[in-house]
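Engineer: Pasting in a structure now, in structure tokens, and then I'll have a few things to ask.
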Protein chains: 2
Amino acid sequence: MRSASDAPTRDRIRDAAIAAFAERGFDAASLRDIAQRAGVSAALIVHHFGSKDGLREECDAYVVQTLVTDKGRIAGGGASAMMREALADRQRYEPLLDYMSRMLTSDTAAADDLFDSLTAATRTLLEQQAAAGMLRPQSDMDVTVTAVTLYGLAPVLLRRQLARSLGEDGLTETLLRRLTLPLLEFYTHGLYADDRLLTAAHDALERPIGPPSGKGDNEPYQDPDPPLAE
Amino acid sequence: MRSASDAPTRDRIRDAAIAAFAERGFDAASLRDIAQRAGVSAALIVHHFGSKDGLREECDAYVVQTLVTDKGRIAGGGASAMMREALADRQRYEPLLDYMSRMLTSDTAAADDLFDSLTAATRTLLEQQAAAGMLRPQSDMDVTVTAVTLYGLAPVLLRRQLARSLGEDGLTETLLRRLTLPLLEFYTHGLYADDRLLTAAHDALERPIGPPSGKGDNEPYQDPDPPLAE
DNA sequence: CGCCGCACTGAACAAGTGTTTAATGTGTTG
DNA sequence: CAACACATTAAACACTTGTTCAGTGCGGCG
């Protein structure tokens with residue numbers, strides 16, 4: 001009796017909820033808001049999903065499955081392949097990516113599951129490449145796997161800033177094309193021309209504690225990401 | 001009008017708000033909640049800041065200034081130096097980092113400002129290093145700068161997953177020490193042992209459009225982050 | 001037919017929200 | 001002292017929230 005595409009009501013509600021949560025966040029998206037998008041009453045949502053939290057759980061599960069399991073979409077491709085897929089069908093995947101971003105920065109069990117799946121996919125990929133002799137030897141493979149996963153996710157989480165910063169409008173194909181070579185270069189040769197920073201850090205880590213003797217502060221002790229300044 | 005003597009209370013409210021927003025998110029943190037943390041009434045917050053949005057704006061501005069401007073903290077160090085600083089005084093900076101994460105994934109003008117400042121700091125750092133002959137030639141410096149900024153931010157935004165994935169409890173010093181060498185190695189030599197993927201992508205980008213002729217899908221066209229599978 | 005089950009609804013509810021109002025204290029100033 | 005300014009508050013207000021309730025209508029089945 002429901003008009004338009006006879007898509008089962010439950011699914012319509014779920015999709016509307018995913019869109020609303022992705023767009024405005026879980027707290028800001030109200031049941032009445034979602035209900036209106038789905039063309040139903042708020043009460044019906046509760047009737048079907050028990051509560052707003054129940055709805056959220058179902059959305060979480062659906063997004064995780066769609067992104068990770070379904071059709072083995074990223075089974076062999078890591079976060080990168082996911083993005084490529086997503087780009088191919090932007091209309092359909094955009095809400096999912098937005099939802100995923102919100103998810104990964106929340107602390108729910110579903111978020112942990114999703115991240116673990118992504119990590120596992122990345123690990124599989126890297127292990128294949130290692131077996132093919134494509135990878136340089138890694139001193140701590142777990143760290144490498146996690147880092148590659150993080151780096152693959154960063155452009156999705158920060159897509160707004162990424163696009164704005166490079167003068168594009170969202171994760172357009174043009175933008176991704178522009179990223180390809182520089183990033184792949186980075187993954188292939190690194191950023192630095194020599195071992196200076198690396199050996200400095202290596203030495204600094206040998207010495208147990210205490211600021212180094214030498215000049216300014218060439219490499220106190222630890223050092224997160226883009227290595228360090230002066 | 002507003003004398004400097006009423007600063008303490010205002011500051012206490014602001015700090016409580018930052019903590020609450022960081023912990024629970026802007027929507028979920030109520031004025032009464034913040035008021036209780038600061039030991040005042042909800043009405044006083046409105047009296048001082050006009051509205052909840054006014055309070056938010058002031059928090060945004062304060063966080064941006066503290067992280068970016070104040071004491072030229074990251075002026076020469078990029079996102080990395082910021083993290084190092086933050087680690088040195090975790091108690092004090094943790095709420096700021098949490099707040100920053102929330103900010104960067106929201107779309108407010110303050111978030112854009114913050115990201116631009118971080119990008120500018122990264123650019124300065126990289127240009128210094130380039131001048132010192134430490135950097136490999138970059139085909140698109142803007143992309144490199146943005147990417148390095150993104151990669152420096154990723155461990156902060158996803159610190160929960162990063163820590164959990166490596167069996168640590170938050171961004172501890174142990175964890176950062178463990179990250180140092182692998183990441184610096186990555187920044188120095190890259191991940192891959194040869195140019196295979198790079199040249200493949202390079203060739204693929206030459207060809208204007210259309211799926212490649214050959215076998216499966218060795219390198220259709222673009223390719224986001226960790227290069228790709230099979 | 002009558003009855004059940006169920007998708008579905010509008011209205012009501014209690015709790016919580018940001019904000020307003022009126023009032024109280026307290027310090028400074030003329 | 002009185003007069004004012006202002007930080008501060010409890011209480012009330014208007015509104016939104018998630019959820020409950022009491023139904024309505026419709027399809028299948030005896």
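By convention in this document, the chains of the structure tokens carry letters A, B, ... by their order, each chain's residues are numbered from 1, and ligands are numbered from 1 in the order they are shown.
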Please identify all residues of chain C having at least one atom at most 12 Å from any atom of chain A, considering only C-alpha atoms (C1' of nucleotides), and return them as a PyMOL selection string.

Structural biologist: chain C and resi 6-11

Engineer: Next, dump the selected residues to file, keeping only C-alpha atoms (C1' of nucleotides), as a PDB file, in the first residue's frame.

Structural biologist:
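Saved the output as selection.pdb:
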```
ATOM      1  C1'  DC C   6       0.064  -6.417  12.630  1.00  0.00           C
ATOM      2  C1'  DA C   7       1.669  -2.199  10.219  1.00  0.00           C
ATOM      3  C1'  DC C   8       0.634   2.132  11.293  1.00  0.00           C
ATOM      4  C1'  DT C   9      -1.032   6.539  13.414  1.00  0.00           C
ATOM      5  C1'  DG C  10      -2.036  11.050  16.340  1.00  0.00           C
ATOM      6  C1'  DA C  11      -2.106  12.411  20.706  1.00  0.00           C
TER       7       DA C  11
END
```

Engineer: For chain B, work out the contacting residues on chain D at 9 Å, counting only C-alpha atoms (C1' of nucleotides), and write them as JSON, numbers by chain.

Structural biologist: {"D": [7, 8, 9]}

Engineer: As an exercise, work out the distance from CA of Ala132 (chain B) to CA of Ala147 (chain B) in Å and give it to one decimal place.

Structural biologist: 20.6 Å

Engineer: Find the distance between CA of His202 (chain A) and CA of Leu191 (chain B) and write it in Å to one decimal.

Structural biologist: 18.1 Å

Engineer: Please list as a PyMOL selection string every residue within 12 Å of DC15 (chain D), counting only C-alpha atoms (C1' of nucleotides) and excluding residues in the same chain fewer than 4 positions away.

Structural biologist: chain C and resi 16-19

Engineer: Quick one: residues within 12 Å of Ala20 (chain A), only C-alpha atoms (C1' of nucleotides) counted, chain neighbours fewer than 3 positions away excluded, as a short mmCIF file (atom, residue, chain, number, x, y, z; two decimals) with N, CA and C atoms, in the first residue's frame?

Structural biologist:
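Final file, out_26.cif:
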```cif
data_model
loop_
_atom_site.label_atom_id
_atom_site.label_comp_id
_atom_site.auth_asym_id
_atom_site.auth_seq_id
_atom_site.Cartn_x
_atom_site.Cartn_y
_atom_site.Cartn_z
N ILE A 13 13.24 3.18 6.55
CA ILE A 13 13.55 3.87 7.80
C ILE A 13 15.05 3.80 8.08
N ARG A 14 15.62 2.61 7.92
CA ARG A 14 17.04 2.47 8.20
C ARG A 14 17.88 3.38 7.33
N ASP A 15 17.55 3.43 6.05
CA ASP A 15 18.32 4.29 5.16
C ASP A 15 18.16 5.76 5.51
N ALA A 16 16.93 6.14 5.84
CA ALA A 16 16.71 7.52 6.24
C ALA A 16 17.51 7.84 7.50
N ALA A 17 17.54 6.89 8.42
CA ALA A 17 18.28 7.10 9.67
C ALA A 17 19.76 7.24 9.39
N GLU A 23 24.44 12.97 8.46
CA GLU A 23 24.39 14.39 8.15
C GLU A 23 24.49 15.25 9.39
N ARG A 24 23.75 14.88 10.41
CA ARG A 24 23.62 15.77 11.57
C ARG A 24 24.19 15.18 12.84
N GLY A 25 24.58 13.95 12.84
CA GLY A 25 25.07 13.33 14.06
C GLY A 25 23.95 12.63 14.80
N PHE A 26 24.29 11.67 15.61
CA PHE A 26 23.29 10.84 16.28
C PHE A 26 22.39 11.65 17.20
N ASP A 27 22.99 12.53 17.98
CA ASP A 27 22.20 13.30 18.94
C ASP A 27 21.30 14.30 18.25
N ALA A 28 21.82 14.95 17.23
CA ALA A 28 21.08 16.04 16.59
C ALA A 28 19.97 15.52 15.69
N ALA A 29 20.07 14.30 15.25
CA ALA A 29 19.03 13.75 14.38
C ALA A 29 17.90 13.19 15.23
N SER A 30 16.75 13.78 15.15
CA SER A 30 15.63 13.34 15.99
C SER A 30 14.81 12.28 15.27
N LEU A 31 14.07 11.54 16.06
CA LEU A 31 13.22 10.50 15.48
C LEU A 31 12.20 11.10 14.52
N ARG A 32 11.65 12.24 14.90
CA ARG A 32 10.65 12.86 14.02
C ARG A 32 11.28 13.29 12.70
N ASP A 33 12.53 13.73 12.81
CA ASP A 33 13.27 14.09 11.61
C ASP A 33 13.43 12.88 10.69
N ILE A 34 13.90 11.80 11.26
CA ILE A 34 14.08 10.58 10.49
C ILE A 34 12.76 10.09 9.93
N ALA A 35 11.74 10.16 10.79
CA ALA A 35 10.42 9.69 10.37
C ALA A 35 9.94 10.43 9.14
N GLN A 36 10.14 11.74 9.15
CA GLN A 36 9.70 12.53 8.01
C GLN A 36 10.44 12.13 6.74
N ARG A 37 11.76 11.95 6.85
CA ARG A 37 12.52 11.52 5.68
C ARG A 37 12.00 10.21 5.12
N ALA A 38 11.61 9.33 6.01
CA ALA A 38 11.16 8.01 5.57
C ALA A 38 9.68 8.00 5.22
N LEU A 55 17.67 1.46 16.89
CA LEU A 55 17.84 1.90 15.50
C LEU A 55 19.30 2.13 15.19
N ARG A 56 19.99 2.79 16.11
CA ARG A 56 21.40 3.06 15.87
C ARG A 56 22.18 1.77 15.70
N CYS A 59 21.67 0.37 12.37
CA CYS A 59 22.38 1.16 11.36
C CYS A 59 23.87 0.84 11.39
N PRO A 95 26.59 8.79 1.95
CA PRO A 95 26.09 8.70 3.33
C PRO A 95 26.82 7.65 4.14
N LEU A 96 27.19 6.57 3.51
CA LEU A 96 27.88 5.52 4.25
C LEU A 96 29.24 6.00 4.74
N ASP A 98 30.10 9.13 5.31
CA ASP A 98 29.85 10.09 6.38
C ASP A 98 29.52 9.37 7.68
N TYR A 99 28.68 8.38 7.55
CA TYR A 99 28.30 7.61 8.74
C TYR A 99 29.52 6.94 9.34
N ARG A 102 31.67 9.30 11.36
CA ARG A 102 31.09 9.56 12.68
C ARG A 102 31.31 8.35 13.59
#
```

Engineer: Between C:DC1, C:DT26, C:DA15, C:DT20, which is the closest to DC29 (chain D) once you count only C-alpha atoms (C1' of nucleotides)?

Structural biologist: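 Under the stated criterion, the closest residue is C:DC1.
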
Engineer: Could you tell me which of A:Thr199, A:Thr119, A:Thr188, A:Thr174 comes closest to chain B if we count only C-alpha atoms?

Structural biologist: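 Among the listed residues, the smallest separation from chain B belongs to A:Thr188.
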
Engineer: Find the residues around DG5 (chain C) up to 12 Å (only C-alpha atoms (C1' of nucleotides) counted), leave out those fewer than 6 positions away in its own chain, and share them as a VMD selection string.

Structural biologist: chain D and resid 26 to 29

Engineer: Just N, CA and C atoms (P, O5', C5', C4', C3', O3' and C1' of nucleotides) for this one: save the residues we selected as a PDB file, in the first residue's frame.

Structural biologist:
```
ATOM      1  P    DC D  26      -8.854   0.292   5.087  1.00  0.00           P
ATOM      2  O5'  DC D  26      -7.902  -0.834   4.540  1.00  0.00           O
ATOM      3  C5'  DC D  26      -6.505  -0.787   4.850  1.00  0.00           C
ATOM      4  C4'  DC D  26      -5.981  -2.198   5.085  1.00  0.00           C
ATOM      5  C3'  DC D  26      -6.756  -3.279   4.322  1.00  0.00           C
ATOM      6  O3'  DC D  26      -5.830  -4.128   3.688  1.00  0.00           O
ATOM      7  C1'  DC D  26      -6.511  -3.901   6.554  1.00  0.00           C
ATOM      8  P    DG D  27      -6.200  -4.711   2.255  1.00  0.00           P
ATOM      9  O5'  DG D  27      -5.527  -6.153   2.316  1.00  0.00           O
ATOM     10  C5'  DG D  27      -4.166  -6.282   2.680  1.00  0.00           C
ATOM     11  C4'  DG D  27      -3.953  -7.596   3.427  1.00  0.00           C
ATOM     12  C3'  DG D  27      -4.634  -8.788   2.747  1.00  0.00           C
ATOM     13  O3'  DG D  27      -3.662  -9.795   2.484  1.00  0.00           O
ATOM     14  C1'  DG D  27      -5.200  -8.676   5.070  1.00  0.00           C
ATOM     15  P    DG D  28      -4.061 -11.156   1.836  1.00  0.00           P
ATOM     16  O5'  DG D  28      -4.188 -12.147   3.089  1.00  0.00           O
ATOM     17  C5'  DG D  28      -3.045 -12.370   3.900  1.00  0.00           C
ATOM     18  C4'  DG D  28      -3.398 -13.306   5.047  1.00  0.00           C
ATOM     19  C3'  DG D  28      -3.988 -14.653   4.613  1.00  0.00           C
ATOM     20  O3'  DG D  28      -3.457 -15.657   5.476  1.00  0.00           O
ATOM     21  C1'  DG D  28      -5.515 -13.552   6.047  1.00  0.00           C
ATOM     22  P    DC D  29      -3.545 -17.183   5.077  1.00  0.00           P
ATOM     23  O5'  DC D  29      -4.445 -17.809   6.222  1.00  0.00           O
ATOM     24  C5'  DC D  29      -4.416 -17.241   7.536  1.00  0.00           C
ATOM     25  C4'  DC D  29      -5.529 -17.828   8.378  1.00  0.00           C
ATOM     26  C3'  DC D  29      -6.159 -19.109   7.826  1.00  0.00           C
ATOM     27  O3'  DC D  29      -6.486 -19.958   8.894  1.00  0.00           O
ATOM     28  C1'  DC D  29      -7.819 -17.484   8.058  1.00  0.00           C
TER      29       DC D  29
END
```

Engineer: Could you work out how far CA of Pro155 (chain A) lies from CA of Leu183 (chain A), giving the answer in Å with one decimal?

Structural biologist: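 Distance between the two atoms: 11.5 Å.
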
Engineer: Fewer than 6 positions away in the same chain doesn't count, so skip those; otherwise give me all residues within 12 Å of region 1-3 of chain D, counting only C-alpha atoms (C1' of nucleotides), as a ChimeraX atom specification.

Structural biologist: /C:28-30

Engineer: Filtering to C-alpha atoms (C1' of nucleotides), could you give me those residues as a PDB file, in the first residue's frame?

Structural biologist:
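Wrote selection.pdb, looks like this:
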```
ATOM      1  C1'  DT C  28      32.106  50.351  44.567  1.00  0.00           C
ATOM      2  C1'  DT C  29      31.128  55.008  44.058  1.00  0.00           C
ATOM      3  C1'  DG C  30      29.201  59.590  44.687  1.00  0.00           C
TER       4       DG C  30
END
```

Engineer: Give the answer as one residue: which of B:Ile45, B:Ala61, B:Ala19, B:Leu184 has the shortest atom-to-atom distance to chain A, using only C-alpha atoms?

Structural biologist: B:Leu184

Engineer: Using only C-alpha atoms (C1' of nucleotides), determine which residues lie at most 6 Å from Leu135 (chain A), disregarding the query and same-chain residues fewer than 5 positions distant; provide the list as a compact mmCIF listing (two decimals) with N, CA and C atoms, in the first residue's frame.

Structural biologist:
```
# COMPACT_ATOMS: atom_id res chain seq x y z
N ALA A 130 54.03 -8.27 0.64
CA ALA A 130 55.31 -8.70 1.21
C ALA A 130 55.74 -10.03 0.60
N TYR B 192 57.37 0.73 -0.05
CA TYR B 192 57.57 -0.24 -1.11
C TYR B 192 59.04 -0.38 -1.51
N ALA B 193 59.36 -1.55 -1.99
CA ALA B 193 60.76 -1.86 -2.27
C ALA B 193 61.17 -1.40 -3.67
```

Engineer: Based on the backbone DSSP call, show me all residues of region 12-187 of chain B assigned alpha helix (DSSP H), as an MDAnalysis selection string.

Structural biologist: chainID B and resid 12:24 31:38 42:49 52:64 78:88 90:104 109:131 141:157 159:165 173:187

Engineer: Measuring atom to atom with only C-alpha atoms, identify which of B:Val68, B:Leu126, B:Ala154, B:Ala163 is nearest to chain A.

Structural biologist: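 Among the listed residues, the smallest separation from chain A belongs to B:Ala154.
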
Engineer: Give the answer as one residue: which of A:Asp53, A:Glu94, A:Glu127, A:Glu185 has the shortest atom-to-atom distance to chain B, using only C-alpha atoms?

Structural biologist: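 The shortest atom-to-atom distance to chain B comes from A:Glu185.
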